[in-house]
Amino acid sequence: MSKATLRIFSVAAGTFFCLAAGVWVSPESEAHTSPPYGRIESADTNLKCYKTIRDPYSVVCYRLSYRPLLKNGRFTFVPFLVQVPTPSNPPPPIIVDELPST
């Protein structure tokens, strides 16, 4: 067998095994951690608005987002807050002592 034929065979076999491993692993990993961004949610459910006791006329809004984190060989999705511009018709604000830290 020539080197070129052997190289083509090894590349084809490696590609096949990588694809087979990806198909075999993906349903298991999706069953354990379903990504939160795959769900359809309205923008209002992710939007939280706050007022502080010191400044009750200033409304600050945050939306909940998720960041993938690789932990022990598995991806988990960690929630975090992102400050967004206050919409013209915000949801009722929550009155707090201090704004959430991002």
# chains A, B, ... in the order shown; residues from 1 in each chain; ligands from 1
$ residues_around --residues "Arg54 in chain A" --least-positions-apart "5" --cutoff "12 Å" --atoms "only C-alpha atoms" --output "PDB file with C-alpha atoms, in the first residue's frame"
ATOM      1  CA  VAL A  59     -35.743  52.833  36.935  1.00  0.00           C
ATOM      2  CA  ILE A  95     -37.843  48.507  45.085  1.00  0.00           C
ATOM      3  CA  VAL A  96     -34.466  47.480  46.543  1.00  0.00           C
ATOM      4  CA  ASP A  97     -31.758  48.932  48.795  1.00  0.00           C
ATOM      5  CA  GLU A  98     -29.025  48.516  46.166  1.00  0.00           C
ATOM      6  CA  LEU A  99     -29.009  47.584  42.503  1.00  0.00           C
TER       7      LEU A  99
END
$ residues_around --residues "Phe77 in chain A" --least-positions-apart "5" --cutoff "7 Å" --atoms "only C-alpha atoms" --output "number ranges by chain"
A: 35, 66-69
$ write_last_selection --atoms "N, CA and C atoms" --output "PDB file, in the first residue's frame"
ATOM      1  N   PRO A  35     -29.940  23.738  26.904  1.00  0.00           N
ATOM      2  CA  PRO A  35     -29.579  25.147  26.945  1.00  0.00           C
ATOM      3  C   PRO A  35     -30.794  26.032  27.155  1.00  0.00           C
ATOM      4  N   TYR A  66     -27.574  33.780  29.889  1.00  0.00           N
ATOM      5  CA  TYR A  66     -26.859  32.584  30.344  1.00  0.00           C
ATOM      6  C   TYR A  66     -25.512  32.490  29.649  1.00  0.00           C
ATOM      7  N   ARG A  67     -24.510  32.059  30.386  1.00  0.00           N
ATOM      8  CA  ARG A  67     -23.147  31.912  29.889  1.00  0.00           C
ATOM      9  C   ARG A  67     -22.754  30.433  30.033  1.00  0.00           C
ATOM     10  N   PRO A  68     -22.236  29.814  28.962  1.00  0.00           N
ATOM     11  CA  PRO A  68     -21.798  28.425  29.092  1.00  0.00           C
ATOM     12  C   PRO A  68     -20.502  28.346  29.893  1.00  0.00           C
ATOM     13  N   LEU A  69     -20.423  27.366  30.764  1.00  0.00           N
ATOM     14  CA  LEU A  69     -19.245  27.169  31.608  1.00  0.00           C
ATOM     15  C   LEU A  69     -18.878  25.693  31.556  1.00  0.00           C
TER      16      LEU A  69
END
$ closest_residue --among "A:Leu70, A:Ser65, A:Cys49, A:Tyr57" --to "Pro87 in chain A" --atoms "only C-alpha atoms"
A:Cys49
$ residues_around --residues "Pro92 in chain A" --least-positions-apart "5" --cutoff "12 Å" --atoms "only C-alpha atoms" --output "PyMOL selection string"
chain A and resi 44+47-51+59-61+86-87
$ write_last_selection --atoms "C-alpha atoms" --output "mmCIF file, in the first residue's frame"
data_model
loop_
_atom_site.group_PDB
_atom_site.id
_atom_site.type_symbol
_atom_site.label_atom_id
_atom_site.label_comp_id
_atom_site.auth_asym_id
_atom_site.auth_seq_id
_atom_site.Cartn_x
_atom_site.Cartn_y
_atom_site.Cartn_z
ATOM 1 C CA ASP A 44 -40.918 40.485 29.344
ATOM 2 C CA LEU A 47 -36.696 41.668 31.918
ATOM 3 C CA LYS A 48 -36.557 42.788 35.556
ATOM 4 C CA CYS A 49 -36.686 46.451 36.519
ATOM 5 C CA TYR A 50 -35.515 47.929 39.819
ATOM 6 C CA LYS A 51 -35.752 51.206 41.758
ATOM 7 C CA VAL A 59 -35.743 52.833 36.935
ATOM 8 C CA VAL A 60 -32.947 50.467 35.885
ATOM 9 C CA CYS A 61 -33.721 47.300 33.927
ATOM 10 C CA THR A 86 -35.333 51.031 30.122
ATOM 11 C CA PRO A 87 -38.217 50.418 27.703
#
$ residues_around --residues "Leu81 in chain A" --least-positions-apart "5" --cutoff "7 Å" --atoms "only C-alpha atoms" --output "VMD selection string"
chain A and resid 62 to 65 102
$ write_last_selection --atoms "C-alpha atoms" --output "PDB file, in the first residue's frame"
ATOM      1  CA  TYR A  62     -31.775  44.063  33.578  1.00  0.00           C
ATOM      2  CA  ARG A  63     -32.350  40.991  31.463  1.00  0.00           C
ATOM      3  CA  LEU A  64     -31.344  37.498  32.452  1.00  0.00           C
ATOM      4  CA  SER A  65     -28.847  35.820  30.160  1.00  0.00           C
ATOM      5  CA  THR A 102     -23.266  42.563  37.319  1.00  0.00           C
TER       6      THR A 102
END
